[in-house]
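Here's the structure we're looking at; comments come further down.
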Amino acid sequence: MPWVAVVVPFGAAYIALALAQPVPIFQPDESFYQHLARSLAGGDGLTWRGGDVSLRSALYVYLITPCWWLASGVGAYQLAKVETVAFACLVSVPIWLLARELLGRPLALLTVALALAGTWMATAQSLLTESVALPLATACLASTAQALRRPGASRLVWLALAFALLGAWARMQLVVLVPIVVLALTADVVRAGAGWRARLRSHGLPLAVIGGVLALGALAVLLAPATFTGGYSGIFRFRPSVTGVLRGTGLELLQLAAMCGFLPLALLAVLATRRAAWRDPAIGPLLAVLVPAVAVLAVQNGCYLSGSQVPWPIQRYMSYAAPLLLLFCVVALTRPALVTRTTLVATALLSLLLALTPEVGARLEEGAVFATTERLRDVLPGIPEGASVTIVAVLLCVVGLAWLTIRPRADRAALAAVVGGNLLVVLAGQTATQSRWQIDYSRAVRSGLPADLAWIDHHSTGPVAVLQVTGRRDNYYVLDDLNAHITQYFVPYAPLPTALGEGRSCRWTILRDGGTRFSRACGPPASTLFLNDPVAHLTFFHETASVAHPRLGRLVTVRGHPRLEALVKTPCPRPQTYLRPVTFRPYPPETPIPCEPQLLISTWLSRPGTVVVRLQGGPLLSHTAQVGSRRYTVPAAGVATVRIPMGPSEQHVAVDLDWSQASPDDPRVLGVELEQDGVRRSLL
């Protein structure tokens with residue numbers, strides 16, 4: 001097939017870009033799907049660390065599960081990304097099948113390229129359900145458009161409904177495809193004019209059946225929302241305001257405009273006001289499908305933004321209308337009676353509304369706007385988002401106006417090729433810029449992790465339990481995703497200021513004698529413990545094996561039930577690289593890092609000992625450390641040693657410091673050791 005010649009290079013490029021993205025960046029989404037696929041592959045069903053997950057739209061998880069049969073850890077993750085790109089590229093199939101009937105082969109191939117060049121393909125480089133939902137949604141909308149072009153071909157309506165249900169199985173959001181099909185059939189009846197009765201008869205059975213399905217489905221969801229929607233049942237508690245919904249709807253429409261290259265959505269709005277366009281045999285069916293699709297998706301997402309109070313729009317939630325909208329644009333440009341210079345002027349004027357586009361709040365979720373502005377700022381530094389997208393939109397209209405002025409009698413296929421080619425440049429530029437940023441972001445996350453991302457699996461022989469005390473290290477989720485040995489996650493009974501890990505977690509606490517109590521919900525703790533708390537350093541009695549990583553923490557195996565010997569909370573977290581949020585370049589080494597002004601030490605010793613604290617002074621000034629009433633001098637460029645006797649029972653000591661930051665000019669904790677019977681052991 002000729003479309004394969006277009007799909008293969010696009011697919012190969014996206015696979016290369018996906019593999020260049022070393023770790024997940026969409027959280028908690030990617031972790032969620034990875035853990036469920038790994039659990040399915042292991043025969044444990046839809047669970048995460050033993051906890052059942054109420055995911056109803058699980059098609060994507062089932063499709064990537066074989067990757068964890070073939071490999072594990074990083075290997076399975078990379079296989080799943082390749083598979084995900086392949087799924088996303090299937091969006092080209094329904095676009096090609098419809099475009100080849102509405103356009104000549106060259107323009108049909110151009111339309112396939114447009115459908116593969118949007119920033120939704122940058123999303124496909126991550127493990128997200130959109131990669132499967134996008135081709136299914138496009139197939140549903142394209143099948144509906146074909147059914148409207150061929151009145152009486154009800155099998156196409158049933159096919160569209162099947163794609164809609166599969167789409168909802170891939171992503172619950174796409175349940176709205178069912179009412180979109182109903183609205184499209186209804187719009188087709190209305191646009192038939194005097195022949196509306198005959199058109200209604202041809203659509204009567206599908207309308208009745210789908211309407212009944214909708215009524216029964218709505219009743220079932222209202223009576224038992226958790227049963228049918230699972231983890232999405234929380235949306236029924238949303239109470240969005242009218243103004244919030246309108247604002248969210250407008251923001252989502254601006255995102256759709258940007259991800260389609262600006263011209264298609266404005267052109268759709270202009271032609272939707274023209275009766276001749278609705279009667280056109282090629283454009284009319286596309287309008288009947290796209291107008292309700294765009295409206296329903298925008299309102300649905302506007303309700304979500306308002307109800308969930310997400311502070312920025314989410315572009316990928318509107319991507320399902322984008323491929324067919326691009327096809328509509330190319331087809332419309334070939335219709336001389338519909339797209340005139342007046343039409344393009346009106347489209348340009350309507351595009352001025354893009355000036356309302358707000359500043360980008362999340363580059364991962366507003367990729368098209370961010371990428372457009374980023375490239376235009378190479379020419380016009382400092383230009384705001386609204387101005388940049390408006391300029392690009394108007395320029396595309398100017399290209400069409402210039403062509404119609406210079407060659408008014410030329411074949412309209414040439415106009416579609418010229419404008420479509422410029423659209424392709426815009427979309428390809430957006431996708432390349434967004435992909436580059438995602439790779440940089442992923443590599444920045446990767447830079448704070450060890451060279452071996454499967455470090456825990458490679459240094460343990462069985463199940464591992466994670467123990468939290470004060471919080472968790474940044475980017476812990478990557479280790480959780482790529483190390484299958486992590487099977488338990490314990491957090492303290494006291495609430496933590498940092499977010500807990502996803503999946504099942506259970507409580508643990510330290511008793512007065514250093515013993516530990518663990519919630520029974522997760523079963524007895526594994527004998528191997530992963531201690532990755534940023535500041536808390538734990539030492540246990542009866543440690544039989546221990547391996548430490550300077551950036552991660554310590555992996556320790558304990559004989560019997562864990563009992564603490566010592567707990568040290570350092571003023572500053574373990575060493576890590578701090579990166580700038582936009583450029584991902586590291587901060588200069590002299591940049592101060594905030595720390596606590598205390599070193600806290602707790603011990604539960606079986607016999608008396610001495611805790612030896614060594615403090616390295618900064619190069620310029622002397623500082624002090626105080627234990628109770630005793631003060632110690634930390635000399636500049638020297639080392640101070642603080643010796644603290646500890647009894648055999650529960651003991652707690654605070655070393656007060658007169659500095660509260662870490663930098664090359666400040667002192668630092670050089671070591672904390674326990675000395676017993678002339679033998680010293682590190683407690684860090």
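Identifiers in this document derive from the order of the structure tokens: chains are assigned A, B, ..., residues are numbered from 1 separately in each chain, and ligands are numbered from 1 in order of occurrence.
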Open item on the list: So that I can check the surroundings of Ile601 (chain A), please list as JSON, numbers by chain every protein, DNA and RNA residue that reaches within 7 Å of it, counting only C-alpha atoms and ignoring chain neighbours fewer than 4 positions away.
Closed with: {"A": [567, 568, 569, 652, 653, 654]}
- [ ] Name the residues of region 1-59 of chain A that come out as alpha helix (DSSP H) in a backbone DSSP run; write them as a ChimeraX atom specification.
- [x] /A:4-19,29-41,59
What does the file look like for those residues with C-alpha atoms, as an mmCIF file, in the first residue's frame?
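Ended up saving to again.cif:
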data_model
loop_
_atom_site.group_PDB
_atom_site.id
_atom_site.type_symbol
_atom_site.label_atom_id
_atom_site.label_comp_id
_atom_site.auth_asym_id
_atom_site.auth_seq_id
_atom_site.Cartn_x
_atom_site.Cartn_y
_atom_site.Cartn_z
ATOM 1 C CA VAL A 4 3.088 2.440 4.102
ATOM 2 C CA ALA A 5 5.856 4.452 2.419
ATOM 3 C CA VAL A 6 4.721 7.419 4.560
ATOM 4 C CA VAL A 7 4.098 5.531 7.774
ATOM 5 C CA VAL A 8 7.401 3.621 7.953
ATOM 6 C CA PRO A 9 9.766 6.637 8.122
ATOM 7 C CA PHE A 10 7.496 8.408 10.601
ATOM 8 C CA GLY A 11 7.249 5.287 12.752
ATOM 9 C CA ALA A 12 11.004 4.682 12.652
ATOM 10 C CA ALA A 13 11.676 8.286 13.670
ATOM 11 C CA TYR A 14 9.218 8.120 16.585
ATOM 12 C CA ILE A 15 10.656 4.819 17.796
ATOM 13 C CA ALA A 16 14.143 6.368 17.784
ATOM 14 C CA LEU A 17 12.846 9.372 19.715
ATOM 15 C CA ALA A 18 11.008 7.129 22.183
ATOM 16 C CA LEU A 19 14.119 5.061 22.884
ATOM 17 C CA ASP A 29 0.269 7.534 34.374
ATOM 18 C CA GLU A 30 3.268 5.652 33.011
ATOM 19 C CA SER A 31 4.057 4.036 36.345
ATOM 20 C CA PHE A 32 0.438 2.973 36.672
ATOM 21 C CA TYR A 33 0.306 1.151 33.330
ATOM 22 C CA GLN A 34 3.756 -0.398 33.722
ATOM 23 C CA HIS A 35 2.955 -1.867 37.115
ATOM 24 C CA LEU A 36 -0.382 -3.273 35.954
ATOM 25 C CA ALA A 37 1.169 -4.838 32.835
ATOM 26 C CA ARG A 38 3.972 -6.367 34.924
ATOM 27 C CA SER A 39 1.418 -7.716 37.389
ATOM 28 C CA LEU A 40 -0.689 -9.235 34.590
ATOM 29 C CA ALA A 41 2.401 -10.825 33.086
ATOM 30 C CA LEU A 59 -7.206 -2.464 26.817
#
Open item on the list: Using only C-alpha atoms for the distances, tell me which of A:Arg614, A:Ala153, A:Asp658, A:Gly167 is nearest to Thr641 (chain A).
Closed with: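 Closest to Thr641 (chain A) of all the choices is A:Arg614.
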TODO: Name all residues at most 7 Å from Met646 (chain A) (count only C-alpha atoms; drop same-chain ones fewer than 3 positions away) and give them as a count of residues only.
DONE: 5
Using only C-alpha atoms, which residues sit within 6 Å of region 77-89 of chain A once same-chain residues fewer than 6 positions away are excluded, as a PDB file with C-alpha atoms, in the first residue's frame?
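Full text of out.pdb as output:
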ATOM      1  CA  ILE A  15      10.656   4.819  17.796  1.00  0.00           C
ATOM      2  CA  ILE A  64       1.566  -4.137  26.411  1.00  0.00           C
ATOM      3  CA  CYS A  67       6.481  -7.052  26.779  1.00  0.00           C
ATOM      4  CA  ALA A 124       3.054   8.311  21.814  1.00  0.00           C
ATOM      5  CA  SER A 131      -1.635   5.708  21.735  1.00  0.00           C
ATOM      6  CA  VAL A 132      -4.403   3.098  21.427  1.00  0.00           C
TER       7      VAL A 132
END
Task: Using only C-alpha atoms: which of A:Ala355, A:Ala187, A:Val369, A:Leu401 has the shortest distance to Leu256 (chain A) - done: A:Val369
- [ ] Work out how far apart CA of Val74 (chain A) and CA of Leu453 (chain A) are and give it in Å to one decimal.
- [x]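 Distance between the two atoms: 7.4 Å.
Using only C-alpha atoms, the smallest distance between any of A:Gln438, A:Asn301, A:Gln616, A:Gln598 and Thr570 (chain A) comes from A:Gln598.
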Open item on the list: List the spatial neighbours of Ala417 (chain A) as a PyMOL selection string - criterion: any atom at most 8 Å away, only C-alpha atoms, same-chain residues fewer than 2 positions off excluded.
Closed with: chain A and resi 107+110+330+413-415+419-421
- [ ] Take CA of Ala410 (chain A) and CA of Ala117 (chain A) and report the distance between them in Å, one decimal.
- [x]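 These two atoms are separated by 27.5 Å.
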